[in-house]
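Here's the structure, in structure tokens; my notes come after.
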Amino acid sequence: MTLPILFRSERALRPRALDLYSCAGGFGTGLERAGFDVDGCDVAGRPNYPYPYHRGDALEYLAHLIETGEIRRYAFVHASPPCQDKCTLTVGTNQSQGWGGTHVDLVAPTRALLERTGLPYSIEQPNGRAEIRKDLTLCGELFGLGVIRHRNFELGRWTIEQPAHIAHRGRVRGWRHGQFHDGPDVAAYGNGGGKPSVPDLQAAMGIDWTDVREELTEALPPAYGEFIGRAFLASLALGVAA
Ligand SMILES: C[S@@+](CC[C@H](N)C(=O)[O-])C[C@H]1O[C@@H](n2cnc3c(N)ncnc32)[C@H](O)[C@@H]1O
């Protein structure tokens, strides 16, 4: 964690962000680097999450925070609802395995609650059929990472300019259709043959506080959270948040 040493009064001035579906805190760590104090929420036990977190259902927890007024502690909310039923990387497998209908789409109810908070927010989903507005798309190349990891963000109550997409340096390294392709980026998903080692995943994503493969393959690179956190704080300073 790269938190600078702050005097008590400066620390108290840091805005708070709520990180829903927080997993091991890839995105949350970026928000912290951008200048937020961060609280997470995940239904699974996530001892590697670096900040305070509530273990439980994100929808129930967010509804509780709204009803009790505790949501007013936060300046910003981010949500990464799980996407296994809609993601292009898994939808083919899901269909072939007959899993497609069993997953619950959490995006719509999450958005409805986020709207009720009255707070600025971001919802993240990978490319695929997930129904979010693509207000922003980030790619690992923008940050010099070792993953492509295109991710879309719907932004509520604030806006950001889409940065230009940077051409990929080469192919994603790994086996496809029986052939090995070399390249500068690793495939940070799944567990199949030719997938990167845990140290390779950590280096590619910029994450060193978890060595749990599932947490690394689920994570957003901290650089994405830092980019969005800084852009949001800058939008506040400029008075462009709605
Ligand atoms: C795609 S991962 C989030 C990755 C995270 N944003 C990051 O950057 O590291 C989705 C997470 O949602 C959690 N999850 C699934 N259903 C949930 C629910 N109903 N409430 C809270 N968390 C849930 C999973 O345990 C998983 O950790």
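Residues are referred to by chain and number: the chain letter is A, B, ... according to the order shown in the structure tokens, the number counts from 1 in that chain, and ligands are numbered separately from 1 in the order shown.
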Please return as a PDB file with C-alpha atoms, in the first residue's frame the residues found within 6 Å of ligand 1, counting only C-alpha atoms and all ligand atoms.
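out.pdb, written as the output of this step:
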ATOM      1  CA  TYR A  21     -18.279  -6.745  -4.970  1.00  0.00           C
ATOM      2  CA  SER A  22     -14.774  -5.893  -3.827  1.00  0.00           C
ATOM      3  CA  CYS A  23     -13.030  -9.295  -4.101  1.00  0.00           C
ATOM      4  CA  ALA A  24      -9.346  -8.835  -3.078  1.00  0.00           C
ATOM      5  CA  GLY A  25      -9.451  -5.117  -3.848  1.00  0.00           C
ATOM      6  CA  GLY A  26      -7.816  -4.564  -7.229  1.00  0.00           C
ATOM      7  CA  PHE A  27     -10.018  -1.575  -8.032  1.00  0.00           C
ATOM      8  CA  CYS A  41     -18.245  -5.501   0.558  1.00  0.00           C
ATOM      9  CA  ASP A  42     -18.071  -9.052  -0.769  1.00  0.00           C
ATOM     10  CA  VAL A  43     -20.217 -12.119  -0.190  1.00  0.00           C
ATOM     11  CA  ALA A  44     -17.113 -14.324   0.073  1.00  0.00           C
ATOM     12  CA  GLY A  56     -22.372 -10.154   2.905  1.00  0.00           C
ATOM     13  CA  ASP A  57     -24.660  -9.589  -0.051  1.00  0.00           C
ATOM     14  CA  ALA A  58     -23.869  -6.262  -1.698  1.00  0.00           C
ATOM     15  CA  SER A  80     -18.203  -4.742  -9.979  1.00  0.00           C
ATOM     16  CA  PRO A  81     -21.175  -7.154 -10.021  1.00  0.00           C
ATOM     17  CA  PRO A  82     -20.146 -10.673 -11.077  1.00  0.00           C
ATOM     18  CA  GLU A 218     -11.288 -11.640 -10.972  1.00  0.00           C
ATOM     19  CA  ALA A 219      -9.430  -8.413 -10.210  1.00  0.00           C
ATOM     20  CA  LEU A 220      -9.317  -5.139 -12.006  1.00  0.00           C
TER      21      LEU A 220
END
> Just asking: which residues within range 95-204 of chain A are helix (DSSP H, G or I) according to DSSP, as a list in words?
Replying inline: Gln95, Ser96, Gln97, Gly100, Gly101, Thr102, Val107, Ala108, Pro109, Thr110, Arg111, Ala112, Leu113, Leu114, Glu115, Arg116, Thr117, Gly140, Glu141, Leu142, Phe143, Val198, Pro199, Asp200, Leu201, Gln202, Ala203 and Ala204 of chain A
>> Just checking: using only C-alpha atoms, which residue out of A:Gly170, A:Gly156, A:Gly128, A:Pro50 ends up closest to Leu113 in chain A?
In response: A:Gly156
> Within 8 Å of range 227-233 of chain A, counting only C-alpha atoms, which residues qualify if same-chain residues fewer than 6 places away don't, as number ranges by chain?
Replying inline: A: 30-31, 34-36, 158, 160, 241
Expected file contents, prior selection, N, CA and C atoms, as a short mmCIF file (atom, residue, chain, number, x, y, z; two decimals), in the first residue's frame:
data_model
loop_
_atom_site.label_atom_id
_atom_site.label_comp_id
_atom_site.auth_asym_id
_atom_site.auth_seq_id
_atom_site.Cartn_x
_atom_site.Cartn_y
_atom_site.Cartn_z
N GLY A 30 -6.73 0.94 -6.14
CA GLY A 30 -6.55 2.12 -7.01
C GLY A 30 -7.26 3.33 -6.44
N LEU A 31 -8.48 3.13 -5.92
CA LEU A 31 -9.20 4.26 -5.31
C LEU A 31 -8.42 4.81 -4.12
N ALA A 34 -5.69 6.90 -5.25
CA ALA A 34 -6.17 8.17 -5.79
C ALA A 34 -6.48 9.18 -4.67
N GLY A 35 -6.64 8.68 -3.44
CA GLY A 35 -6.88 9.62 -2.34
C GLY A 35 -8.10 9.33 -1.49
N PHE A 36 -8.74 8.18 -1.69
CA PHE A 36 -9.92 7.81 -0.90
C PHE A 36 -9.54 6.90 0.27
N TRP A 158 -21.70 11.68 -12.92
CA TRP A 158 -20.49 12.40 -13.27
C TRP A 158 -20.02 11.87 -14.61
N ILE A 160 -16.57 11.65 -17.60
CA ILE A 160 -15.13 11.64 -17.81
C ILE A 160 -14.91 11.53 -19.31
N ALA A 241 -19.13 17.44 -11.64
CA ALA A 241 -20.01 16.34 -11.21
C ALA A 241 -21.43 16.86 -11.09
#
Which residues, written as a CSV table (one decimal) with N, CA and C atoms, in the first residue's frame, have at least one atom at most 9 Å from Ser197 in chain A, with only C-alpha atoms counted and residues fewer than 4 positions away on the same chain left out?
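Below you can see part_11.csv, which holds the result:
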chain,number,residue,atom,x,y,z
A,201,LEU,N,0.9,-13.3,-13.2
A,201,LEU,CA,-0.3,-12.6,-13.1
A,201,LEU,C,-0.2,-11.4,-12.2
A,202,GLN,N,0.5,-11.5,-11.1
A,202,GLN,CA,0.7,-10.4,-10.2
A,202,GLN,C,1.5,-9.3,-10.9
A,213,ARG,N,-5.1,-17.3,-7.0
A,213,ARG,CA,-5.3,-17.2,-8.4
A,213,ARG,C,-6.7,-16.7,-8.8
> So which residues of range 1-238 of chain A fall under strand (DSSP E) by DSSP, listed as an MDAnalysis selection string?
Replying inline: chainID A and resid 16:20 37:42 53:55 76:79 121:126 136:138 151:156 172:176 179:181 185:186
Go ahead and save the residues from that selection, with C-alpha atoms, as a tab-separated table (two decimals), in the first residue's frame.
chain	number	residue	atom	x	y	z
A	16	ARG	CA	-14.58	7.72	1.56
A	17	ALA	CA	-15.40	5.34	-1.26
A	18	LEU	CA	-17.56	2.23	-1.05
A	19	ASP	CA	-16.23	-0.68	-3.12
A	20	LEU	CA	-19.05	-3.19	-3.78
A	37	ASP	CA	-10.38	5.85	2.28
A	38	VAL	CA	-12.01	2.66	1.06
A	39	ASP	CA	-14.53	0.18	2.51
A	40	GLY	CA	-15.38	-3.03	0.69
A	41	CYS	CA	-18.24	-5.50	0.56
A	42	ASP	CA	-18.07	-9.05	-0.77
A	53	TYR	CA	-14.92	-4.73	4.54
A	54	HIS	CA	-18.36	-6.09	5.18
A	55	ARG	CA	-18.91	-9.75	4.34
A	76	PHE	CA	-18.32	7.75	-4.28
A	77	VAL	CA	-19.47	4.17	-4.86
A	78	HIS	CA	-17.98	1.62	-7.22
A	79	ALA	CA	-19.61	-1.74	-8.09
A	121	TYR	CA	-20.85	5.98	-8.95
A	122	SER	CA	-19.25	3.62	-11.43
A	123	ILE	CA	-20.40	0.13	-12.48
A	124	GLU	CA	-17.90	-2.10	-14.23
A	125	GLN	CA	-18.43	-4.98	-16.65
A	126	PRO	CA	-16.28	-6.76	-19.24
A	136	LEU	CA	-15.60	4.68	-20.37
A	137	THR	CA	-13.55	1.72	-21.57
A	138	LEU	CA	-10.12	1.06	-20.11
A	151	ARG	CA	-13.33	-3.16	-19.05
A	152	ASN	CA	-16.37	-0.93	-19.51
A	153	PHE	CA	-17.66	1.52	-16.94
A	154	GLU	CA	-21.07	3.12	-16.62
A	155	LEU	CA	-20.74	6.41	-14.75
A	156	GLY	CA	-23.63	7.78	-12.72
A	172	VAL	CA	-1.91	-12.23	-25.71
A	173	ARG	CA	0.48	-15.03	-24.79
A	174	GLY	CA	-0.95	-18.55	-24.62
A	175	TRP	CA	-2.46	-21.53	-26.39
A	176	ARG	CA	-5.39	-21.11	-28.75
A	179	GLN	CA	-1.20	-23.35	-31.24
A	180	PHE	CA	1.03	-21.37	-28.87
A	181	HIS	CA	1.14	-17.62	-29.47
A	185	ASP	CA	0.45	-9.68	-22.49
A	186	VAL	CA	-0.85	-12.56	-20.36
> Near range 70-73 of chain A, counting only C-alpha atoms, which residues have an atom at most 8 Å away, once you skip same-chain residues fewer than 4 positions from it, shown as JSON, numbers by chain?
Replying inline: {"A": [16, 62, 65, 66, 117]}
Once you have the residues from the selection above, write them out as a PDB file, in the first residue's frame, restricted to N, CA and C atoms.
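The new file again08.pdb reads:
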ATOM      1  N   ARG A  16     -14.426   9.184   1.438  1.00  0.00           N
ATOM      2  CA  ARG A  16     -14.584   7.721   1.558  1.00  0.00           C
ATOM      3  C   ARG A  16     -15.248   7.174   0.302  1.00  0.00           C
ATOM      4  N   LEU A  62     -26.068  -2.499   0.637  1.00  0.00           N
ATOM      5  CA  LEU A  62     -26.290  -1.144   0.107  1.00  0.00           C
ATOM      6  C   LEU A  62     -27.673  -0.635   0.522  1.00  0.00           C
ATOM      7  N   LEU A  65     -27.397   0.498   4.058  1.00  0.00           N
ATOM      8  CA  LEU A  65     -26.696   1.781   4.191  1.00  0.00           C
ATOM      9  C   LEU A  65     -27.606   2.944   3.793  1.00  0.00           C
ATOM     10  N   ILE A  66     -28.442   2.711   2.783  1.00  0.00           N
ATOM     11  CA  ILE A  66     -29.368   3.776   2.345  1.00  0.00           C
ATOM     12  C   ILE A  66     -30.433   4.014   3.423  1.00  0.00           C
ATOM     13  N   THR A 117     -28.943   6.015  -3.942  1.00  0.00           N
ATOM     14  CA  THR A 117     -27.973   6.637  -3.023  1.00  0.00           C
ATOM     15  C   THR A 117     -27.853   8.135  -3.285  1.00  0.00           C
TER      16      THR A 117
END
>> Between CA of Ser235 in chain A and CA of Ile207 in chain A, what distance in Å does the model show, to one decimal?
In response: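 Pair CA of Ser235 in chain A / CA of Ile207 in chain A returns 27.0 Å.
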> Counting only C-alpha atoms, which of A:Ile166, A:Leu216, A:Ala75, A:Leu59 gets nearest to Ala188 in chain A?
Replying inline: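 Smallest distance to Ala188 in chain A is found for A:Leu216.
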> Of the candidates A:Leu145, A:Arg111, A:Glu215, A:Pro196, which one gets nearest to Gly45 in chain A if we count only C-alpha atoms?
Replying inline: A:Glu215
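Of the residues listed (A:Gly69, A:Ala204, A:Lys195, A:Arg33), A:Arg33 shows the shortest atom-to-atom separation from Arg14 in chain A; distances use only C-alpha atoms.
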> Can you tell me how far CA of Tyr74 in chain A sits from CA of Asp211 in chain A, in Å to one decimal?
Replying inline: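 Atom-to-atom, CA of Tyr74 in chain A to CA of Asp211 in chain A, that is 29.7 Å.
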